[in-house]
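To start, the structure under review is shown below, and the notes come after it.
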Amino acid sequence: MEHQSMSSEITFAPEHHDTKSVVRKIIKTTVILSVITIIELALGYIIFFMHKNPDHSVNLVLAIKGVIVILSLAKAFYIVSIFMHLGDEIRNMIMTIVVPLFLFVWFIAAFMWDGNSYKDLRNTYDRHHAEQTNVKPTNPKPAEHEEHSEKPAAEGVKQEKLH
Amino acid sequence: MAQAVAANTKWWSGGKSPFNIEYGKLMMWYFLMSDAFTFGAFLIAYGTVRMSSNGWPDPNHVFQSAPFLGDGLPLVFVSLMTFILIVSSVTMVLAVHEGHNMNRKGVIKWLAWTIVGGFAFLGCQAWEWTHLFHEGAWWGKIPVYAGSHFLNADGSVPSTNFSNFFFTITGFHGFHVFSGVIINIIMLIMTIQGKFDQRGHYLMIEKAGLYWHFVDLVWVFVFLCFYLL
């Protein structure tokens, strides 16, 4: 009954589950997404408290951030597969969406590596840059009623732009 | 879960969709792919500039306010925004589901709630922008003084790259939310007018749903990059 009223391009009707099982699946996915978000927030707070201690382990912070990224990818998987119903489509069609997105792995890795390398090389060969980006401001906070002017920077500090 | 198809159905012999999907829906998926690369490029650019900078503001110091609750509450307001968008995604899924069952009243109800969620998110984002603006942050501006929240984590003067990227990327995302709300309003009006009952299917709602979920998905990564990492 359903496929007669749909576009004529579609020749076999999509699987028709009963309403209760569909709604139950939606609620289950909502709970999963909420739990993952709460875990991400908890990890974010852990990093916040770790930063209060100047001796904290940088590698542990990075590891926690890595876990947060993986949790976000899990959220993306649930949203795309179940909310957007991509999981119900024909497998070859799913591949036309998912496979190109793997380019992101190379994209992210290459650019993060490059950015980091730029920083290290610049610090090595441009001492002025390394010293200048370490200046701490000493001017006090401007009074509330004053107009917010362009970057009231500390004396002798120029805003560095990325060339 | 994915549909398997018998080998002798000759997918590409013409006269029908080889993927058993309506043309408009397939094209919406490919548009979302292009938009995913756009936002991906923005966020990766943010990551690259941040990786190449000696210092960067700590998000938990910059973003620590909530309306009516004052300062000292990192991640609270943005969590609210994330939940609002997730819930509006859920109501959208329910609207699409009602569409499958040709239930006009159900579609109206859930679509209306999705629109409410969209406006709520936009309101929250507007508050966040206004609050940051009043603290002195904007495109090309970042408040620099001893003890400012916006200082780099090591106390040094921050670059305006931070505020530029923040406002640009959340601006693009907010614009997508806004256009999604407009599309949903149009869908709601069409549903009320009975246009989809006339056509015999609610496929248009599905396509609008895909766009709305994409907006939620982008927020997951914007929230990740700016507030958590």
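Residues in the structure tokens are named by chain (A, B, ... in the order shown) and by number from 1 within that chain; ligands are numbered from 1 in the order shown.
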
Need to verify the contact set: range 205-210 of chain B, 6 Å, only C-alpha atoms, exclusion of same-chain residues closer than 4 positions in sequence. Can you return it as a list in words?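 Using only C-alpha atoms, the neighbours found are Met84 of chain A; Lys25 and Val96 of chain B.
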
Can you pull out the residues contacting Gly140 in chain B? Cut-off 8 Å, using only C-alpha atoms, and skip same-chain residues under 5 positions away; I want them as a PDB file with N, CA and C atoms, in the first residue's frame.
ATOM      1  N   THR B 160      43.944  37.382  17.714  1.00  0.00           N
ATOM      2  CA  THR B 160      42.527  37.497  17.368  1.00  0.00           C
ATOM      3  C   THR B 160      42.056  36.325  16.512  1.00  0.00           C
ATOM      4  N   ASN B 161      42.976  35.430  16.137  1.00  0.00           N
ATOM      5  CA  ASN B 161      42.559  34.214  15.423  1.00  0.00           C
ATOM      6  C   ASN B 161      41.455  33.503  16.179  1.00  0.00           C
ATOM      7  N   SER B 163      39.015  34.627  18.282  1.00  0.00           N
ATOM      8  CA  SER B 163      37.667  35.186  18.142  1.00  0.00           C
ATOM      9  C   SER B 163      37.206  35.140  16.685  1.00  0.00           C
ATOM     10  N   ASN B 164      38.137  35.367  15.737  1.00  0.00           N
ATOM     11  CA  ASN B 164      37.749  35.308  14.319  1.00  0.00           C
ATOM     12  C   ASN B 164      37.173  33.955  13.975  1.00  0.00           C
TER      13      ASN B 164
END

Name the residues of range 56-212 of chain B that come out as helix (DSSP H, G or I) in a backbone DSSP run; write them as a ChimeraX atom specification. /B:59-62,76-100,104-135,161-192,195-199,203-212

Mind listing the strand (DSSP E or B) residues of range 5-203 of chain B, per DSSP on the backbone, as an NGL selection string? :B and (57 or 66 or 70 or 138 or 141 or 152)

With a distance cut-off of 6 Å and only C-alpha atoms, select the neighbouring residues of range 116-125 of chain A, excluding the residue or stretch itself and same-chain residues fewer than 5 positions from it, and output the selection as a PyMOL selection string. (chain A and resi 130) or (chain B and resi 51-52)

Could you take the residues named above and write them with N, CA and C atoms, as a short mmCIF file (atom, residue, chain, number, x, y, z; two decimals), in the first residue's frame?
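And here's part.cif as it stands now:
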data_model
loop_
_atom_site.label_atom_id
_atom_site.label_comp_id
_atom_site.auth_asym_id
_atom_site.auth_seq_id
_atom_site.Cartn_x
_atom_site.Cartn_y
_atom_site.Cartn_z
N ALA A 130 59.22 33.64 18.80
CA ALA A 130 59.12 32.81 20.00
C ALA A 130 59.05 33.67 21.26
N MET B 51 47.17 24.64 16.13
CA MET B 51 48.38 23.83 16.28
C MET B 51 49.63 24.65 15.99
N SER B 52 49.49 25.65 15.10
CA SER B 52 50.69 26.40 14.70
C SER B 52 50.92 27.60 15.61
#

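We find CA of Met112 in chain A and CA of Leu43 in chain B to be spaced 11.2 Å apart.
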
May I have the residues within 10 Å of Phe175 in chain B as a PyMOL selection string, using only C-alpha atoms and disregarding those fewer than 5 positions away in the same chain? chain B and resi 122+169-170+180-181+215

So that I can see what lies close to Ile189 in chain B, please list as a PyMOL selection string the residues with an atom at most 12 Å from it, counting only C-alpha atoms and leaving out residues fewer than 3 positions away in the same chain. chain B and resi 104+107-108+111-112+115+182-186+192-196+205

Convert the current residue selection to file output with N, CA and C atoms, as a PDB file, in the first residue's frame.
ATOM      1  N   ARG B 104      -1.152  13.258   9.450  1.00  0.00           N
ATOM      2  CA  ARG B 104      -0.907  14.695   9.293  1.00  0.00           C
ATOM      3  C   ARG B 104      -0.809  15.396  10.634  1.00  0.00           C
ATOM      4  N   VAL B 107       2.524  14.786  12.294  1.00  0.00           N
ATOM      5  CA  VAL B 107       3.616  15.529  11.658  1.00  0.00           C
ATOM      6  C   VAL B 107       3.589  16.973  12.135  1.00  0.00           C
ATOM      7  N   ILE B 108       2.393  17.569  12.171  1.00  0.00           N
ATOM      8  CA  ILE B 108       2.280  18.972  12.604  1.00  0.00           C
ATOM      9  C   ILE B 108       2.815  19.138  14.018  1.00  0.00           C
ATOM     10  N   LEU B 111       6.731  18.550  14.126  1.00  0.00           N
ATOM     11  CA  LEU B 111       7.425  19.588  13.362  1.00  0.00           C
ATOM     12  C   LEU B 111       7.388  20.904  14.130  1.00  0.00           C
ATOM     13  N   ALA B 112       6.255  21.204  14.768  1.00  0.00           N
ATOM     14  CA  ALA B 112       6.142  22.437  15.557  1.00  0.00           C
ATOM     15  C   ALA B 112       7.163  22.431  16.685  1.00  0.00           C
ATOM     16  N   ILE B 115      10.608  23.180  15.414  1.00  0.00           N
ATOM     17  CA  ILE B 115      10.806  24.610  15.151  1.00  0.00           C
ATOM     18  C   ILE B 115      11.068  25.357  16.457  1.00  0.00           C
ATOM     19  N   ILE B 182      13.634  28.021   8.882  1.00  0.00           N
ATOM     20  CA  ILE B 182      12.763  28.565   7.834  1.00  0.00           C
ATOM     21  C   ILE B 182      12.191  27.423   6.991  1.00  0.00           C
ATOM     22  N   ILE B 183      13.047  26.494   6.593  1.00  0.00           N
ATOM     23  CA  ILE B 183      12.587  25.351   5.793  1.00  0.00           C
ATOM     24  C   ILE B 183      11.529  24.572   6.562  1.00  0.00           C
ATOM     25  N   ASN B 184      11.767  24.356   7.865  1.00  0.00           N
ATOM     26  CA  ASN B 184      10.794  23.603   8.661  1.00  0.00           C
ATOM     27  C   ASN B 184       9.472  24.330   8.767  1.00  0.00           C
ATOM     28  N   ILE B 185       9.523  25.676   8.862  1.00  0.00           N
ATOM     29  CA  ILE B 185       8.279  26.452   8.919  1.00  0.00           C
ATOM     30  C   ILE B 185       7.504  26.274   7.615  1.00  0.00           C
ATOM     31  N   ILE B 186       8.219  26.333   6.489  1.00  0.00           N
ATOM     32  CA  ILE B 186       7.561  26.130   5.199  1.00  0.00           C
ATOM     33  C   ILE B 186       6.945  24.732   5.123  1.00  0.00           C
ATOM     34  N   ILE B 192       0.078  21.636   6.982  1.00  0.00           N
ATOM     35  CA  ILE B 192      -1.240  22.101   7.437  1.00  0.00           C
ATOM     36  C   ILE B 192      -2.188  22.251   6.255  1.00  0.00           C
ATOM     37  N   GLN B 193      -1.641  22.703   5.117  1.00  0.00           N
ATOM     38  CA  GLN B 193      -2.486  22.888   3.935  1.00  0.00           C
ATOM     39  C   GLN B 193      -2.859  21.575   3.261  1.00  0.00           C
ATOM     40  N   GLY B 194      -2.279  20.466   3.762  1.00  0.00           N
ATOM     41  CA  GLY B 194      -2.660  19.166   3.204  1.00  0.00           C
ATOM     42  C   GLY B 194      -1.966  18.815   1.909  1.00  0.00           C
ATOM     43  N   LYS B 195      -0.882  19.565   1.582  1.00  0.00           N
ATOM     44  CA  LYS B 195      -0.199  19.328   0.306  1.00  0.00           C
ATOM     45  C   LYS B 195       0.344  17.897   0.213  1.00  0.00           C
ATOM     46  N   PHE B 196       0.844  17.377   1.345  1.00  0.00           N
ATOM     47  CA  PHE B 196       1.476  16.064   1.299  1.00  0.00           C
ATOM     48  C   PHE B 196       0.461  14.948   1.250  1.00  0.00           C
ATOM     49  N   ILE B 205       9.194  15.994   3.918  1.00  0.00           N
ATOM     50  CA  ILE B 205       9.524  16.093   5.335  1.00  0.00           C
ATOM     51  C   ILE B 205      10.798  15.310   5.616  1.00  0.00           C
TER      52      ILE B 205
END

d(CA of Leu80 in chain B, CA of Thr30 in chain A) in Å: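 Atom-to-atom, CA of Leu80 in chain B to CA of Thr30 in chain A, that is 15.2 Å.
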